[in-house]
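Chemist: Before we start, here is the structure in question, set down as structure tokens.
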Amino acid sequence: MAAFASNFTSLAISFLLILISPSKAMLNDHYYDQACPQAGKIIFETVRNASMHDPKVPARILRMFFHDCFIRGCDASILLDSTPGNQAEKDGPPNVSVRSFYVIDDAKAKLEMACPHTVSCADIIAIAARDVVAMSGGPSWNVLTGRKDGRVSKANDTVNLPAPTLNAMQLIQSFATRGLGVKDLVALSGGHTLGFSHCSSFEARLQNFSSVHDIDPSMNTQFARNLRRKCPKPNMDHSAGEFLDSTSSTFDNEYYKSVVEGKGVFSSDQALLGDHRSRWIVESFAKDQSLFFREFAASMVKLGNVGVIENGEVRLKCRVVN
């Protein structure tokens, strides 16, 4: 889905997607009970303190989890730094604006002091993603743990992240490749309730959209005009953009209400309302926030099982392989 929160690069989706199936690994929510019982508290406190100093952290951590799991599965490959011989995922165009990697680094350093060589970087991302949702007013859930960290990270693979320009068919296919259904697609798209996007990810919808329409006809006209004022051409303000819903620091169902009103920022957001397979779910979530919360939590657990590996390592530092 247009990936979680903030400055997406519009990349054509490749239909030769890397096949990542849900993991058969035996994750469980008591994995660290004996080996590192304080792990959850350490991660929560690190994420909470970072979020207090930088309100962008929750959206970035949530997006980080999605971008990690969608490429090679949930193996913390997004955290690896590039080397002279390899450009890593974090330097791929869609990930340039993810940032906040330091939060995971900080949590990892504290965990290595408390429980050396025990808690994987992949599990830290998964737990941190749950925590930022909960502390932003959203649901909580039991995070299944026991992931290992991968050793491969390639920037070119990020072309397979769903771009904000995709139509419903492309989105459904992209999610299905990873064992995720239409309800997962719509629920996880709700992560856009947190965050901000720069103009570059949606300005093509605002003028010269097609030979017939100047503005994307799926957009609310007044909303499009407001965005045009924020994103003029030429746009000299590279920080200009739009929050992804009207309550962008609170995890709620306002995103779906916006989509129903034709105010989805990305064309991929609005596409969910235009397809019969997803429209009824969007409308249901717009009417019932508690339903959205339940389905979002379930889909996050399901996403967290994508491509989990058992034969990886527990990195000592999340930015480099051991």
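Going through the structure tokens in order, the chains are called A, B, and so on, while each chain numbers its residues from 1 and the ligands are numbered from 1 in the order shown.
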Please extract the residues of range 115-278 of chain A with a backbone DSSP assignment of helix (DSSP H, G or I) and present them as a PyMOL selection string.
Modeler: chain A and resi 121-135+155-160+168-176+182-193+199-201+203-205+221-230+254-260+267-274+276-278
Chemist: Report as a PyMOL selection string all protein, DNA and RNA residues lying within 12 Å of Gly191 in chain A, evaluated on only C-alpha atoms, omitting residues in the same chain fewer than 5 positions from it.
Modeler: chain A and resi 1-6+58-66+129-130+132-133+136+138-139+184-186+196+244-245+248-256+269+292-293+295-297+299-300
Chemist: Would you mind reading off the distance between CA of Gly262 in chain A and CA of Met219 in chain A, one decimal, in Å?
Modeler: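 Between CA of Gly262 in chain A and CA of Met219 in chain A the gap is 4.8 Å.
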Chemist: With only C-alpha atoms as the basis for distance, which of A:Asn49, A:Asn95, A:Gln289, A:Ser120 is at the shortest distance from Gly190 in chain A?
Modeler: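 Checking each of A:Asn49, A:Asn95, A:Gln289, A:Ser120 against Gly190 in chain A, counting only C-alpha atoms, the winner is A:Gln289.
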Chemist: Pick out the closest residue to Val96 in chain A from this set: A:Thr158, A:Asn305, A:Thr177, A:Ser189. Count only C-alpha atoms.
Modeler: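 Under the stated criterion, the closest residue is A:Thr158.
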Chemist: Neighbours of Val143 in chain A within 10 Å (only C-alpha atoms; same-chain residues fewer than 6 positions away dropped), as a list in words?
Modeler: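 Everything that qualifies: Leu27, Asn28, Asp29, His30, Gly40, Asp123, Ala126, Ile127, Ala128, Ala129, Arg130, Asp131, Ala297, Met300, Val301 and Gly304 of chain A.
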Chemist: As a PyMOL selection string, please: the residues near Gly181 in chain A (cut-off 12 Å, only C-alpha atoms, same-chain neighbours under 3 positions excluded).
Modeler: chain A and resi 22+171-178+184-188+277-278+281+295+298-299+302-303
Chemist: How would the residues just picked look written out with N, CA and C atoms as a tab-separated table (two decimals), in the first residue's frame?
Modeler:
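Listing of again04.tsv after writing:
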chain	number	residue	atom	x	y	z
A	22	PRO	N	3.98	-16.32	3.95
A	22	PRO	CA	3.95	-16.28	5.41
A	22	PRO	C	4.87	-17.35	5.99
A	171	LEU	N	-2.56	-3.18	-6.13
A	171	LEU	CA	-2.40	-3.29	-4.68
A	171	LEU	C	-2.79	-4.67	-4.19
A	172	ILE	N	-3.92	-5.15	-4.66
A	172	ILE	CA	-4.41	-6.47	-4.24
A	172	ILE	C	-3.41	-7.55	-4.64
A	173	GLN	N	-2.85	-7.44	-5.85
A	173	GLN	CA	-1.88	-8.43	-6.31
A	173	GLN	C	-0.60	-8.36	-5.48
A	174	SER	N	-0.15	-7.15	-5.17
A	174	SER	CA	1.07	-6.98	-4.40
A	174	SER	C	0.92	-7.61	-3.01
A	175	PHE	N	-0.20	-7.39	-2.38
A	175	PHE	CA	-0.44	-7.96	-1.05
A	175	PHE	C	-0.61	-9.47	-1.13
A	176	ALA	N	-1.32	-9.94	-2.15
A	176	ALA	CA	-1.56	-11.38	-2.27
A	176	ALA	C	-0.25	-12.14	-2.43
A	177	THR	N	0.73	-11.54	-3.10
A	177	THR	CA	2.03	-12.18	-3.27
A	177	THR	C	2.68	-12.48	-1.92
A	178	ARG	N	2.29	-11.71	-0.93
A	178	ARG	CA	2.86	-11.88	0.41
A	178	ARG	C	1.89	-12.58	1.37
A	184	ASP	N	-6.66	-7.28	4.72
A	184	ASP	CA	-5.36	-6.86	5.24
A	184	ASP	C	-4.89	-5.59	4.53
A	185	LEU	N	-5.07	-5.53	3.22
A	185	LEU	CA	-4.69	-4.35	2.44
A	185	LEU	C	-5.39	-3.11	2.98
A	186	VAL	N	-6.71	-3.20	3.15
A	186	VAL	CA	-7.46	-2.02	3.58
A	186	VAL	C	-7.12	-1.67	5.03
A	187	ALA	N	-6.99	-2.68	5.88
A	187	ALA	CA	-6.68	-2.42	7.29
A	187	ALA	C	-5.30	-1.79	7.44
A	188	LEU	N	-4.31	-2.34	6.77
A	188	LEU	CA	-2.95	-1.82	6.89
A	188	LEU	C	-2.81	-0.45	6.24
A	277	ARG	N	-14.25	-4.76	-4.26
A	277	ARG	CA	-13.67	-5.70	-3.29
A	277	ARG	C	-13.21	-5.01	-2.02
A	278	SER	N	-12.87	-3.75	-2.13
A	278	SER	CA	-12.34	-3.02	-0.97
A	278	SER	C	-13.27	-1.92	-0.47
A	281	ILE	N	-15.19	-2.44	2.79
A	281	ILE	CA	-14.34	-2.48	3.99
A	281	ILE	C	-13.96	-1.07	4.39
A	295	GLU	N	-9.29	-5.22	13.29
A	295	GLU	CA	-8.77	-5.76	12.04
A	295	GLU	C	-7.34	-5.29	11.79
A	298	ALA	N	-5.07	-7.48	13.93
A	298	ALA	CA	-4.97	-8.82	13.35
A	298	ALA	C	-4.08	-8.83	12.12
A	299	SER	N	-4.19	-7.80	11.29
A	299	SER	CA	-3.38	-7.73	10.07
A	299	SER	C	-1.92	-7.43	10.37
A	302	LYS	N	-0.44	-10.68	11.25
A	302	LYS	CA	-0.28	-11.45	10.02
A	302	LYS	C	0.91	-10.93	9.20
A	303	LEU	N	1.04	-9.62	9.09
A	303	LEU	CA	2.17	-9.03	8.38
A	303	LEU	C	3.48	-9.40	9.06
Chemist: As a list in words, please: all residues of range 46-265 of chain A that backbone DSSP puts in strand (DSSP E).
Modeler: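 DSSP-assigned strand (DSSP E) residues in range 46-265 of chain A: Phe196, Ser197, His198, Gly241, Glu242 and Phe243 of chain A.
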Chemist: Nearest to Met26 in chain A: which of A:Arg229, A:His67, A:Lys90, A:Arg147 is it, counting only C-alpha atoms?
Modeler: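 So, comparing all the options, the nearest one is A:Arg147.
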Chemist: Please compute the CA of Gln34 in chain A-CA of Thr118 in chain A distance, one decimal, in Å.
Modeler: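 So the two atoms, CA of Gln34 in chain A and CA of Thr118 in chain A, lie 10.8 Å apart.
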Chemist: Taking only C-alpha atoms into account, which of A:His276, A:Arg315, A:Lys108, A:Lys263 comes nearest Arg205 in chain A?
Modeler: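 Smallest separation from Arg205 in chain A among the options: A:Lys263.
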Chemist: My list of candidates is A:Gly274, A:Pro55, A:Pro116, A:Pro84. Which is closest to Pro217 in chain A when distances are computed with only C-alpha atoms?
Modeler: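 Looking only at the distances to Pro217 in chain A, the closest residue turns out to be A:Gly274.
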Chemist: Quote the spacing between CA of Glu283 in chain A and CA of Ser268 in chain A in Å to one decimal place.
Modeler: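 Between CA of Glu283 in chain A and CA of Ser268 in chain A the gap works out to 15.9 Å.
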Chemist: Between A:Asn226, A:Ser284, A:Ser197, A:Ser210, which residue has the minimum interatomic distance to Pro94 in chain A, considering only C-alpha atoms?
Modeler: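 The shortest atom-to-atom distance to Pro94 in chain A comes from A:Ser197.
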